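Text of final.json, listed as JSON, C-alpha atoms:
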[["chain", "number", "residue", "atom", "x", "y", "z"],
["A", 1, "MET", "CA", 29.51, 29.61, -13.71],
["A", 2, "LYS", "CA", 28.54, 27.21, -16.49],
["A", 3, "LEU", "CA", 28.52, 24.33, -13.94],
["A", 4, "LEU", "CA", 26.31, 26.34, -11.57],
["A", 5, "THR", "CA", 23.84, 27.12, -14.39],
["A", 6, "THR", "CA", 23.72, 23.46, -15.42],
["A", 7, "CYS", "CA", 23.05, 22.39, -11.80],
["A", 8, "LEU", "CA", 20.32, 24.99, -11.47],
["A", 9, "TRP", "CA", 18.60, 23.71, -14.64],
["A", 10, "LEU", "CA", 18.84, 20.13, -13.40],
["A", 11, "ILE", "CA", 17.28, 21.08, -10.04],
["A", 12, "LEU", "CA", 14.48, 23.05, -11.74],
["A", 13, "ASP", "CA", 13.86, 20.19, -14.15],
["A", 14, "ALA", "CA", 13.69, 17.67, -11.28],
["A", 15, "CYS", "CA", 11.29, 19.94, -9.36],
["A", 16, "SER", "CA", 9.13, 20.28, -12.46],
["A", 17, "LEU", "CA", 8.98, 16.50, -12.94],
["A", 18, "THR", "CA", 8.21, 15.97, -9.25],
["A", 19, "ASN", "CA", 5.49, 18.61, -9.39],
["A", 20, "LYS", "CA", 3.91, 17.02, -12.50],
["A", 21, "ARG", "CA", 4.07, 13.61, -10.83],
["A", 22, "LEU", "CA", 2.40, 14.93, -7.66],
["A", 23, "ILE", "CA", -0.35, 16.59, -9.69],
["A", 24, "THR", "CA", -0.92, 13.37, -11.65],
["A", 25, "LEU", "CA", -0.92, 11.33, -8.44],
["A", 26, "PHE", "CA", -3.28, 13.74, -6.72],
["A", 27, "ASN", "CA", -5.64, 13.86, -9.68],
["A", 28, "SER", "CA", -5.57, 10.07, -10.05],
["A", 29, "GLU", "CA", -6.11, 9.52, -6.34],
["A", 30, "GLU", "CA", -8.97, 12.03, -6.25],
["A", 31, "LYS", "CA", -10.57, 10.37, -9.28],
["A", 32, "LEU", "CA", -10.19, 6.94, -7.70],
["A", 33, "LYS", "CA", -11.75, 8.18, -4.45],
["A", 34, "LYS", "CA", -14.78, 9.33, -6.44],
["A", 35, "LEU", "CA", -14.92, 5.99, -8.29],
["A", 36, "ALA", "CA", -14.63, 4.05, -5.02],
["A", 37, "ALA", "CA", -17.48, 6.10, -3.54],
["A", 38, "GLN", "CA", -19.54, 5.43, -6.68],
["A", 39, "TYR", "CA", -18.78, 1.68, -6.78],
["A", 40, "TYR", "CA", -18.85, 0.82, -3.08],
["A", 41, "GLY", "CA", -20.76, 3.70, -1.44],
["A", 42, "SER", "CA", -21.73, 3.05, 2.16],
["A", 43, "ALA", "CA", -20.20, -0.45, 1.96],
["A", 44, "SER", "CA", -16.67, 0.97, 1.48],
["A", 45, "ASP", "CA", -15.57, 0.03, 5.00],
["A", 46, "ALA", "CA", -16.87, -3.53, 4.57],
["A", 47, "TYR", "CA", -15.05, -3.90, 1.23],
["A", 48, "ARG", "CA", -11.88, -2.45, 2.73],
["A", 49, "LYS", "CA", -12.04, -4.99, 5.57],
["A", 50, "MET", "CA", -12.60, -7.87, 3.10],
["A", 51, "ILE", "CA", -9.59, -6.94, 1.00],
["A", 52, "GLU", "CA", -7.21, -5.78, 3.74],
["A", 53, "ASN", "CA", -5.02, -8.92, 3.47],
["A", 54, "MET", "CA", -5.33, -9.35, -0.29],
["A", 55, "ASP", "CA", -2.65, -8.33, -2.74],
["A", 56, "ILE", "CA", -4.52, -5.95, -5.06],
["A", 57, "PRO", "CA", -2.29, -5.11, -8.08],
["A", 58, "ALA", "CA", -0.83, -1.60, -8.19],
["A", 59, "VAL", "CA", -2.23, 1.21, -10.27],
["A", 60, "PRO", "CA", 0.23, 1.56, -13.17],
["A", 61, "GLY", "CA", 2.36, 4.69, -12.96],
["A", 62, "ASN", "CA", 1.04, 5.74, -9.53],
["A", 63, "GLU", "CA", 1.98, 5.12, -5.94],
["A", 64, "ILE", "CA", -1.49, 4.47, -4.58],
["A", 65, "TYR", "CA", -1.38, 2.22, -1.54],
["A", 66, "ASP", "CA", -5.06, 2.19, -0.55],
["A", 67, "PRO", "CA", -6.32, -1.28, -1.63],
["A", 68, "LEU", "CA", -9.88, 0.01, -2.12],
["A", 69, "LEU", "CA", -8.65, 2.66, -4.56],
["A", 70, "ARG", "CA", -6.61, 0.01, -6.36],
["A", 71, "LEU", "CA", -9.68, -2.21, -6.55],
["A", 72, "ALA", "CA", -11.75, 0.71, -7.90],
["A", 73, "TYR", "CA", -9.11, 1.31, -10.58],
["A", 74, "HIS", "CA", -9.14, -2.32, -11.74],
["A", 75, "ARG", "CA", -12.94, -2.40, -11.69],
["A", 76, "TYR", "CA", -12.98, 0.76, -13.83],
["A", 77, "VAL", "CA", -10.50, -0.75, -16.31],
["A", 78, "SER", "CA", -12.55, -3.96, -16.47],
["A", 79, "ASN", "CA", -15.76, -1.99, -17.06],
["A", 80, "LYS", "CA", -14.10, 0.03, -19.84],
["A", 81, "TYR", "CA", -12.92, -3.19, -21.47],
["A", 82, "LEU", "CA", -16.42, -4.64, -21.39],
["A", 83, "GLU", "CA", -17.89, -1.43, -22.81],
["A", 84, "SER", "CA", -15.39, -1.47, -25.68],
["A", 85, "ASN", "CA", -15.99, -5.15, -26.47],
["A", 86, "PRO", "CA", -19.73, -5.56, -27.05],
["A", 87, "LEU", "CA", -19.45, -9.33, -27.46],
["A", 88, "GLN", "CA", -18.08, -9.57, -23.91],
["A", 89, "THR", "CA", -20.70, -7.47, -22.12],
["A", 90, "SER", "CA", -22.82, -8.73, -19.29],
["A", 91, "VAL", "CA", -26.37, -9.69, -20.12],
["A", 92, "MET", "CA", -27.54, -10.20, -16.54],
["A", 93, "THR", "CA", -26.43, -9.36, -13.03],
["A", 94, "LEU", "CA", -27.43, -11.62, -10.17],
["A", 95, "ASN", "CA", -27.53, -9.84, -6.83],
["A", 96, "GLY", "CA", -27.71, -11.63, -3.52],
["A", 97, "HIS", "CA", -24.25, -12.31, -2.14],
["A", 98, "THR", "CA", -22.89, -9.80, 0.36],
["A", 99, "GLY", "CA", -19.24, -10.84, -0.05],
["A", 100, "TRP", "CA", -16.89, -11.59, -2.91],
["A", 101, "VAL", "CA", -18.09, -14.37, -5.18],
["A", 102, "THR", "CA", -15.35, -17.02, -5.32],
["A", 103, "CYS", "CA", -16.83, -19.58, -7.70],
["A", 104, "VAL", "CA", -19.69, -19.97, -10.17],
["A", 105, "THR", "CA", -20.52, -23.26, -11.84],
["A", 106, "ILE", "CA", -23.36, -24.58, -13.97],
["A", 107, "LEU", "CA", -25.53, -27.54, -12.93],
["A", 108, "PRO", "CA", -26.62, -30.24, -15.41],
["A", 109, "ASP", "CA", -30.18, -28.83, -15.32],
["A", 110, "GLY", "CA", -28.93, -25.39, -16.46],
["A", 111, "ARG", "CA", -29.12, -23.61, -13.11],
["A", 112, "LEU", "CA", -26.06, -21.82, -11.72],
["A", 113, "VAL", "CA", -24.46, -22.28, -8.32],
["A", 114, "SER", "CA", -22.26, -19.64, -6.72],
["A", 115, "CYS", "CA", -20.36, -19.42, -3.46],
["A", 116, "SER", "CA", -19.02, -16.42, -1.65],
["A", 117, "TYR", "CA", -17.00, -14.86, 1.13],
["A", 118, "ASP", "CA", -20.36, -14.23, 2.82],
["A", 119, "GLY", "CA", -20.34, -17.95, 3.79],
["A", 120, "THR", "CA", -23.28, -18.91, 1.58],
["A", 121, "ILE", "CA", -23.91, -20.97, -1.53],
["A", 122, "LYS", "CA", -26.69, -19.78, -3.82],
["A", 123, "VAL", "CA", -28.56, -21.64, -6.54],
["A", 124, "TRP", "CA", -29.81, -19.47, -9.41],
["A", 125, "ASP", "CA", -32.54, -20.20, -11.96],
["A", 126, "LEU", "CA", -32.05, -17.78, -14.85],
["A", 127, "SER", "CA", -35.50, -18.53, -16.27],
["A", 128, "LYS", "CA", -37.12, -16.78, -13.29],
["A", 129, "PRO", "CA", -38.01, -13.04, -13.39],
["A", 130, "ASN", "CA", -35.42, -10.48, -12.27],
["A", 131, "GLY", "CA", -35.05, -10.42, -8.50],
["A", 132, "GLN", "CA", -36.41, -13.98, -8.16],
["A", 133, "GLN", "CA", -33.54, -15.93, -9.73],
["A", 134, "CYS", "CA", -32.08, -17.07, -6.38],
["A", 135, "VAL", "CA", -34.02, -20.26, -5.65],
["A", 136, "ALA", "CA", -31.94, -21.58, -2.74],
["A", 137, "THR", "CA", -29.41, -20.27, -0.22],
["A", 138, "LEU", "CA", -27.31, -22.83, 1.64],
["A", 139, "LYS", "CA", -25.97, -21.42, 4.92],
["A", 140, "GLU", "CA", -24.27, -24.24, 6.85],
["A", 141, "HIS", "CA", -20.67, -23.00, 6.44],
["A", 142, "THR", "CA", -19.41, -20.71, 9.21],
["A", 143, "LYS", "CA", -16.71, -18.96, 7.16],
["A", 144, "GLU", "CA", -15.99, -17.99, 3.57],
["A", 145, "VAL", "CA", -16.91, -20.60, 0.96],
["A", 146, "LEU", "CA", -14.14, -20.97, -1.60],
["A", 147, "PHE", "CA", -15.38, -23.57, -4.07],
["A", 148, "VAL", "CA", -18.48, -25.49, -5.06],
["A", 149, "THR", "CA", -18.83, -28.25, -7.65],
["A", 150, "PRO", "CA", -21.76, -30.34, -8.89],
["A", 151, "LEU", "CA", -21.93, -34.08, -8.18],
["A", 152, "PRO", "CA", -24.19, -36.70, -9.75],
["A", 153, "GLY", "CA", -27.78, -36.94, -8.56],
["A", 154, "GLY", "CA", -28.41, -33.21, -7.95],
["A", 155, "ARG", "CA", -25.79, -32.97, -5.25],
["A", 156, "LEU", "CA", -23.04, -30.45, -4.57],
["A", 157, "ALA", "CA", -19.73, -30.45, -2.75],
["A", 158, "SER", "CA", -18.32, -27.27, -1.21],
["A", 159, "CYS", "CA", -15.22, -26.32, 0.71],
["A", 160, "SER", "CA", -14.74, -23.42, 3.09],
["A", 161, "LEU", "CA", -12.25, -21.61, 5.27],
["A", 162, "ASP", "CA", -14.14, -23.15, 8.20],
["A", 163, "GLU", "CA", -11.99, -26.23, 7.35],
["A", 164, "THR", "CA", -14.93, -28.35, 6.22],
["A", 165, "ILE", "CA", -16.17, -29.96, 3.06],
["A", 166, "LYS", "CA", -19.91, -30.27, 2.87],
["A", 167, "LEU", "CA", -22.08, -32.44, 0.64],
["A", 168, "TRP", "CA", -25.47, -31.03, -0.28],
["A", 169, "ASP", "CA", -28.66, -32.54, -1.72],
["A", 170, "LEU", "CA", -30.62, -29.86, -3.55],
["A", 171, "GLY", "CA", -33.70, -32.11, -3.63],
["A", 172, "LYS", "CA", -34.18, -31.79, 0.13],
["A", 173, "PRO", "CA", -36.22, -29.03, 1.83],
["A", 174, "ASP", "CA", -34.63, -25.76, 2.97],
["A", 175, "GLY", "CA", -32.38, -26.22, 5.99],
["A", 176, "LEU", "CA", -31.97, -29.96, 5.38],
["A", 177, "GLN", "CA", -29.82, -29.88, 2.23],
["A", 178, "CYS", "CA", -26.52, -30.49, 4.08],
["A", 179, "MET", "CA", -26.09, -34.26, 4.05],
["A", 180, "VAL", "CA", -22.49, -34.66, 5.26],
["A", 181, "LYS", "CA", -19.91, -32.43, 6.88],
["A", 182, "LEU", "CA", -16.33, -33.63, 6.51],
["A", 183, "ASN", "CA", -13.55, -32.39, 8.79],
["A", 184, "GLU", "CA", -11.05, -33.61, 11.37],
["A", 185, "GLN", "CA", -13.07, -32.80, 14.47],
["A", 186, "PRO", "CA", -15.90, -35.07, 15.62],
["A", 187, "THR", "CA", -19.33, -33.75, 14.63],
["A", 188, "SER", "CA", -22.80, -35.18, 14.41],
["A", 189, "CYS", "CA", -22.27, -35.67, 10.67],
["A", 190, "SER", "CA", -18.80, -37.17, 10.51],
["A", 191, "PRO", "CA", -16.95, -40.01, 12.26],
["A", 192, "PRO", "CA", -14.38, -39.02, 14.93],
["A", 193, "ARG", "CA", -10.84, -38.21, 13.72],
["A", 194, "LYS", "CA", -11.25, -39.80, 10.34],
["A", 195, "ARG", "CA", -11.16, -38.08, 6.97],
["A", 196, "ARG", "CA", -13.30, -39.24, 4.11],
["A", 197, "LYS", "CA", -12.10, -39.19, 0.56],
["A", 198, "ILE", "CA", -14.49, -37.72, -1.99],
["A", 199, "VAL", "CA", -14.36, -39.49, -5.32]]
Let me see the file written as structure tokens.
Amino acid sequence: MKLLTTCLWLILDACSLTNKRLITLFNSEEKLKKLAAQYYGSASDAYRKMIENMDIPAVPGNEIYDPLLRLAYHRYVSNKYLESNPLQTSVMTLNGHTGWVTCVTILPDGRLVSCSYDGTIKVWDLSKPNGQQCVATLKEHTKEVLFVTPLPGGRLASCSLDETIKLWDLGKPDGLQCMVKLNEQPTSCSPPRKRRKIV
């Protein structure tokens, strides 16, 4: 009888723990769904598609498999950190990219350059009024742009998942900034089947 009572208590205890865990999971998941709707709104499907093959870290203590909910959790944690550390808070938000920003770098003249999964490179002048800081958008890449770096003479180099490296001259008019496109396939900008080394 004592063994039966002990087993019964163990089963009830396990059920209680499972029930508490399910309630916590449900509450957390419901909260994250609300956060995801708040953060991503009507663009939720687009964000979900962008991150479908990315390894978004798990939500600690929960079995949440939806990558968008995981992303919402980490964004929430990041926001809370920034709120609790006033020296680390954002002083300006630059809007313009429609995909994840993969790189931001500063130019010698003080402007910023960013590149994104939307396939564009943007040049930002922070001295301009809000909404007018984007002074150039470079659109020659056909896939996500992963990295951009300044070169001497007001030039930039960028690399993309379209398997090209492009050299840009910011002093040229819109649409003519791409000076050289480097890849393995013959193009109008690069010699056939020969790679160039950027120094």
From atom CA of Gly131 of chain A to atom CA of Pro108 of chain A the spacing works out at 22.6 Å
Residues at most 12 Å from Arg75 of chain A, counting only C-alpha atoms, excluding those fewer than 6 positions away in the same chain, as a VMD selection string? chain A and resid 32 35 to 36 38 to 40 56 to 57 59 68 to 69 81 to 82
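When only C-alpha atoms are used to compute distances to Pro152 of chain A, the closest of the residues A:Ser44, A:Asp109, A:Thr120, A:Lys166 turns out to be A:Asp109.
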For Arg48 of chain A, the closest of A:Val135, A:Arg70, A:Lys34, A:Asn183 counting all atoms listed in the file is A:Arg70
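Across the structure, atom CA of Leu126 of chain A and atom CA of Ser114 of chain A are spaced 12.9 Å apart.
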Expressed in Å, the length from atom CA of Cys178 of chain A to atom CA of Gly99 of chain A is 21.4 Å
Problem - Nearest candidate to Asn62 of chain A (options A:Glu83, A:Asp45, A:Asp169, A:Glu29; using all atoms listed in the file) - result: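 Distance minimum relative to Asn62 of chain A lands on A:Glu29.
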Show which residues sit within 12 Å of Glu163 of chain A, as a PyMOL selection string. Count all atoms listed in the file, and ignore same-chain residues fewer than 3 positions away. chain A and resi 141-146+158-160+166+181-185+195
Discussion item. Which residue is closest to Tyr117 of chain A? Choose from A:Leu170, A:Met50, A:Leu151, A:Val77 and count all atoms listed in the file.
Written reply: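 Between A:Leu170, A:Met50, A:Leu151, A:Val77, the residue approaching Tyr117 of chain A most closely is A:Met50.
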Around all listed atoms of segment 134-147 of chain A, padded 8 Å per side, what centre and edge lengths does the axis-aligned box have in Å to one decimal, as lines of an AutoDock Vina configuration file?
center_x = -24.1
center_y = -20.7
center_z = 1.4
size_x = 35.9
size_y = 23.2
size_z = 31.6
Exercise. Would you mind telling me which residue in A:Leu161, A:Cys115, A:Val101, A:Leu71 lies nearest to Lys139 of chain A when using all atoms listed in the file?
Key: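 With all atoms listed in the file as the atom set, the closest residue is A:Cys115.
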Using only C-alpha atoms, the residue out of A:Ala72, A:Cys134, A:Val148, A:Met92 with shortest distance to Val104 of chain A is A:Val148
Expected file content for segment 142-161 of chain A, N, CA and C atoms, as a PDB file, in the first residue's frame:
ATOM      1  N   THR A 142      21.801  41.639 -57.646  1.00  0.00           N
ATOM      2  CA  THR A 142      20.539  40.942 -57.902  1.00  0.00           C
ATOM      3  C   THR A 142      20.108  40.058 -56.740  1.00  0.00           C
ATOM      4  N   LYS A 143      20.956  39.913 -55.730  1.00  0.00           N
ATOM      5  CA  LYS A 143      20.602  39.150 -54.530  1.00  0.00           C
ATOM      6  C   LYS A 143      21.076  39.911 -53.300  1.00  0.00           C
ATOM      7  N   GLU A 144      20.954  39.276 -52.141  1.00  0.00           N
ATOM      8  CA  GLU A 144      21.298  39.892 -50.880  1.00  0.00           C
ATOM      9  C   GLU A 144      22.743  40.404 -50.879  1.00  0.00           C
ATOM     10  N   VAL A 145      22.935  41.610 -50.354  1.00  0.00           N
ATOM     11  CA  VAL A 145      24.275  42.183 -50.229  1.00  0.00           C
ATOM     12  C   VAL A 145      24.750  41.906 -48.804  1.00  0.00           C
ATOM     13  N   LEU A 146      25.914  41.269 -48.698  1.00  0.00           N
ATOM     14  CA  LEU A 146      26.398  40.830 -47.394  1.00  0.00           C
ATOM     15  C   LEU A 146      27.365  41.802 -46.728  1.00  0.00           C
ATOM     16  N   PHE A 147      28.154  42.516 -47.540  1.00  0.00           N
ATOM     17  CA  PHE A 147      29.207  43.337 -46.956  1.00  0.00           C
ATOM     18  C   PHE A 147      29.523  44.509 -47.878  1.00  0.00           C
ATOM     19  N   VAL A 148      29.864  45.624 -47.266  1.00  0.00           N
ATOM     20  CA  VAL A 148      30.307  46.794 -48.014  1.00  0.00           C
ATOM     21  C   VAL A 148      31.440  47.445 -47.219  1.00  0.00           C
ATOM     22  N   THR A 149      32.448  47.932 -47.943  1.00  0.00           N
ATOM     23  CA  THR A 149      33.579  48.576 -47.268  1.00  0.00           C
ATOM     24  C   THR A 149      34.044  49.773 -48.091  1.00  0.00           C
ATOM     25  N   PRO A 150      34.475  50.844 -47.413  1.00  0.00           N
ATOM     26  CA  PRO A 150      34.967  52.013 -48.147  1.00  0.00           C
ATOM     27  C   PRO A 150      36.356  51.766 -48.726  1.00  0.00           C
ATOM     28  N   LEU A 151      36.612  52.391 -49.862  1.00  0.00           N
ATOM     29  CA  LEU A 151      37.923  52.370 -50.518  1.00  0.00           C
ATOM     30  C   LEU A 151      38.374  53.820 -50.685  1.00  0.00           C
ATOM     31  N   PRO A 152      39.646  54.037 -50.941  1.00  0.00           N
ATOM     32  CA  PRO A 152      40.113  55.416 -51.154  1.00  0.00           C
ATOM     33  C   PRO A 152      39.403  56.086 -52.331  1.00  0.00           C
ATOM     34  N   GLY A 153      39.312  57.388 -52.279  1.00  0.00           N
ATOM     35  CA  GLY A 153      38.768  58.159 -53.402  1.00  0.00           C
ATOM     36  C   GLY A 153      37.253  58.152 -53.480  1.00  0.00           C
ATOM     37  N   GLY A 154      36.555  57.936 -52.361  1.00  0.00           N
ATOM     38  CA  GLY A 154      35.088  57.960 -52.384  1.00  0.00           C
ATOM     39  C   GLY A 154      34.476  56.753 -53.053  1.00  0.00           C
ATOM     40  N   ARG A 155      35.186  55.663 -53.030  1.00  0.00           N
ATOM     41  CA  ARG A 155      34.682  54.438 -53.660  1.00  0.00           C
ATOM     42  C   ARG A 155      34.296  53.413 -52.610  1.00  0.00           C
ATOM     43  N   LEU A 156      33.502  52.433 -53.044  1.00  0.00           N
ATOM     44  CA  LEU A 156      33.063  51.342 -52.174  1.00  0.00           C
ATOM     45  C   LEU A 156      33.280  50.018 -52.882  1.00  0.00           C
ATOM     46  N   ALA A 157      33.423  48.972 -52.095  1.00  0.00           N
ATOM     47  CA  ALA A 157      33.408  47.608 -52.624  1.00  0.00           C
ATOM     48  C   ALA A 157      32.313  46.863 -51.882  1.00  0.00           C
ATOM     49  N   SER A 158      31.556  46.046 -52.607  1.00  0.00           N
ATOM     50  CA  SER A 158      30.489  45.269 -51.973  1.00  0.00           C
ATOM     51  C   SER A 158      30.524  43.846 -52.505  1.00  0.00           C
ATOM     52  N   CYS A 159      30.030  42.928 -51.674  1.00  0.00           N
ATOM     53  CA  CYS A 159      29.899  41.547 -52.127  1.00  0.00           C
ATOM     54  C   CYS A 159      28.488  41.073 -51.835  1.00  0.00           C
ATOM     55  N   SER A 160      28.020  40.123 -52.651  1.00  0.00           N
ATOM     56  CA  SER A 160      26.625  39.717 -52.597  1.00  0.00           C
ATOM     57  C   SER A 160      26.474  38.219 -52.826  1.00  0.00           C
ATOM     58  N   LEU A 161      25.311  37.711 -52.470  1.00  0.00           N
ATOM     59  CA  LEU A 161      24.993  36.315 -52.763  1.00  0.00           C
ATOM     60  C   LEU A 161      24.737  36.090 -54.249  1.00  0.00           C
TER      61      LEU A 161
END
